[in-house]
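A.B. asks: Can you keep this structure in mind? I'll have questions shortly.
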Amino acid sequence: MKKIIAYPLTLLYYLVFLIILLIFHAIQWLCFNVFGYQAHKKSVDYLNFCLLKILYLIGVHTVFENKQKLEAGKPHIIVANHQSHYDISPIVWYLRKLHPKFISKKELGKGIPSISYNLRHGGSILIDRKNPRQALPEIKKFGQYLNKTNRAAVIFPEGTRSRNGKPKRFSPNGLKTLFKYCPDAVVVPVTINNSWKILKNGMFPLNPFVKMTVKVQPPIKISDYQDLDLLITDIEQSITKDIQL
């Protein structure tokens, strides 16, 4: 019965999703080209607010838990486990004061209304995950950009999403490069649960009536560590200890 209901709900969701992307693509272009960075950022914030709220169309409820004091005006590196693309909107919306930017695969830089435009123009970077010679210099420049602007990086160090909620081992290279070139940053570990369940049946139909949770863990200062391997281990443990399997 649940799967039968999922078909019309998914069709409705995708229709509204596409309309929102098309509308905000035009809004982003106008904000970026006429009013500049701050206006463009606001448009991206509210794009993600809308994408978060339309999940109610398939009965998906998101609980965001943040008991931490996070100060704007200094660089942050938001590190999260990765379960689906539905992980992104809660981070962008609820941590918007940190100005989150993404390390994303280059394939997402074209062809997707709103999303590709933001990745190309909003301060994020696009990397070729199969080409470290291209990726690591881009991450280096990204770390320097964060230091200069006091904005935040969002990185999913598992590399690819977990299809069953079970976390994969963190890949350390990207994290170490960011830490090296943004040593004053504060790391914000984030634990995501159950977003993988939305895609339990694949992209169609979406699995309805899921409760997704996003929890911000205590922040960690890079400057408190001399051993980056130990820092990455502590970040990984902070994130994975609250993952529900």
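Scheme for the structure tokens: letters A, B, ... for chains in order shown; per-chain residue numbers from 1; ligand numbers from 1 in order shown.
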To test your reading of the structure, identify every residue in region 86-211 of chain A that backbone DSSP assigns to alpha helix (DSSP H), and report it as a PyMOL selection string.
C.D. replies: chain A and resi 88-94+115-121+132-149+172-181+195-198
A.B. asks: Sorted by chain and rising residue number, list the residues of region 5-91 of chain A at most 10 Å from region 201-224 of chain A (counting only C-alpha atoms), each with its closest atom pair and distance in Å to one decimal, as a Markdown table.
C.D. replies:
| residue | atom | partner | partner_atom | distance |
| --- | --- | --- | --- | --- |
| A:Ile5 | CA | A:Pro208 | CA | 8.3 |
| A:Ala6 | CA | A:Pro205 | CA | 5.8 |
| A:Tyr7 | CA | A:Pro205 | CA | 5.4 |
| A:Pro8 | CA | A:Pro205 | CA | 8.6 |
| A:Leu9 | CA | A:Pro208 | CA | 8.0 |
| A:Thr10 | CA | A:Pro205 | CA | 5.7 |
| A:Leu11 | CA | A:Pro205 | CA | 8.1 |
| A:Tyr13 | CA | A:Leu206 | CA | 9.2 |
| A:Tyr14 | CA | A:Phe204 | CA | 9.8 |
| A:Leu55 | CA | A:Pro208 | CA | 9.0 |
| A:Tyr56 | CA | A:Phe209 | CA | 8.6 |
| A:Leu57 | CA | A:Pro208 | CA | 8.7 |
| A:Ile58 | CA | A:Pro208 | CA | 4.9 |
| A:Gly59 | CA | A:Phe209 | CA | 4.2 |
| A:Val60 | CA | A:Val210 | CA | 4.7 |
| A:His61 | CA | A:Lys211 | CA | 4.9 |
| A:Thr62 | CA | A:Met212 | CA | 4.8 |
| A:Val63 | CA | A:Thr213 | CA | 4.7 |
| A:Phe64 | CA | A:Val214 | CA | 4.8 |
| A:Glu65 | CA | A:Lys215 | CA | 4.7 |
| A:Asn66 | CA | A:Val216 | CA | 5.0 |
| A:Lys67 | CA | A:Val216 | CA | 7.3 |
| A:Gln68 | CA | A:Pro218 | CA | 6.1 |
| A:Lys69 | CA | A:Pro219 | CA | 8.4 |
| A:Leu70 | CA | A:Pro219 | CA | 7.9 |
| A:His76 | CA | A:Pro219 | CA | 9.3 |
| A:Ile77 | CA | A:Pro219 | CA | 9.6 |
| A:Ile78 | CA | A:Pro219 | CA | 9.2 |
| A:Val79 | CA | A:Val216 | CA | 9.8 |
| A:Ala80 | CA | A:Val216 | CA | 9.2 |
| A:Tyr86 | CA | A:Met212 | CA | 9.1 |
| A:Asp87 | CA | A:Val214 | CA | 8.2 |
| A:Pro90 | CA | A:Val214 | CA | 7.5 |
| A:Ile91 | CA | A:Val214 | CA | 8.3 |
A.B. asks: I want to know what sits within 10 Å of Ser43 (chain A), based on only C-alpha atoms, with residues of the same chain fewer than 6 positions away left out; could you give that as a list of chain:residue names?
C.D. replies: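 Here the qualifying residues turn out to be A:Phe24, A:His25, A:Ile27, A:Gln28, A:Trp29, A:Leu30, A:Cys31, A:Phe32, A:Tyr37, A:Phe49, A:Ser114, A:Asn118.
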A.B. asks: From the list A:Lys148, A:Arg96, A:Arg129, A:Lys241, which residue is nearest Asn193 (chain A) when using only C-alpha atoms?
C.D. replies: A:Lys241
A.B. asks: I want to know what sits within 7 Å of region 226-236 of chain A, based on only C-alpha atoms, with residues of the same chain fewer than 4 positions away left out; could you give that as a list in words?
C.D. replies: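 So, after excluding close chain neighbours, the residues are Lys176, Pro189 and Thr240 of chain A.
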A.B. asks: Determine the nearest neighbour of Ile23 (chain A) from the options A:Val154, A:Leu245, A:Leu108, A:Cys50, counting only C-alpha atoms.
C.D. replies: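 Answer, going by the shortest atom-to-atom distance: A:Cys50.
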A.B. asks: Nearest to Pro75 (chain A) among A:Leu51, A:Val34, A:Ile20, A:Cys182, with distances taken over only C-alpha atoms: which residue is it?
C.D. replies: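 That would be A:Cys182, the residue with the smallest distance to Pro75 (chain A).
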A.B. asks: I'd like the contact shell of Gly73 (chain A) - 12 Å cut-off, only C-alpha atoms, skipping same-chain residues fewer than 6 positions apart - returned as a list in words.
C.D. replies: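 These residues fall inside the cut-off: Lys97, Leu98, His99, Leu146, Asn147, Lys148, Thr149, Asn150, Arg151, Ala152, Asp184, Ala185 and Val186 of chain A.
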A.B. asks: Write down as an MDAnalysis selection string the residues belonging to region 3-242 of chain A that are assigned strand (DSSP E or B) by DSSP computed on the backbone.
C.D. replies: chainID A and resid 61:66 76:80 100:105 125:127 152:155 186:193 211:216 220:221
A.B. asks: Name the closest residue to Phe142 (chain A) among the candidates A:Lys101, A:Arg163, A:His121, A:Lys42; distances are taken between atoms, counting only C-alpha atoms.
C.D. replies: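 Once distances to Phe142 (chain A) are computed over only C-alpha atoms, the minimum belongs to A:Lys101.
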A.B. asks: Which of these, A:Asp128, A:Ile115, A:Glu107, A:Gln237, has the shortest distance to Ile88 (chain A) once you count only C-alpha atoms?
C.D. replies: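 Looking only at the distances to Ile88 (chain A), the closest residue turns out to be A:Ile115.
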A.B. asks: Closest to Leu199 (chain A) among A:Val16, A:Leu52, A:Arg169, A:Gln83, using only C-alpha atoms?
C.D. replies: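 Closest residue, counting only C-alpha atoms: A:Gln83.
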A.B. asks: At what distance in Å, to one decimal, does CA of Leu95 (chain A) lie from CA of His40 (chain A)?
C.D. replies: 16.2 Å
A.B. asks: Could you work out how far CA of Val44 (chain A) lies from CA of Lys141 (chain A), giving the answer in Å with one decimal?
C.D. replies: 22.6 Å
A.B. asks: Rounded to one decimal place, report the CA of Leu126 (chain A)-CA of Glu158 (chain A) distance in Å.
C.D. replies: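 Going from CA of Leu126 (chain A) over to CA of Glu158 (chain A) covers 16.6 Å.
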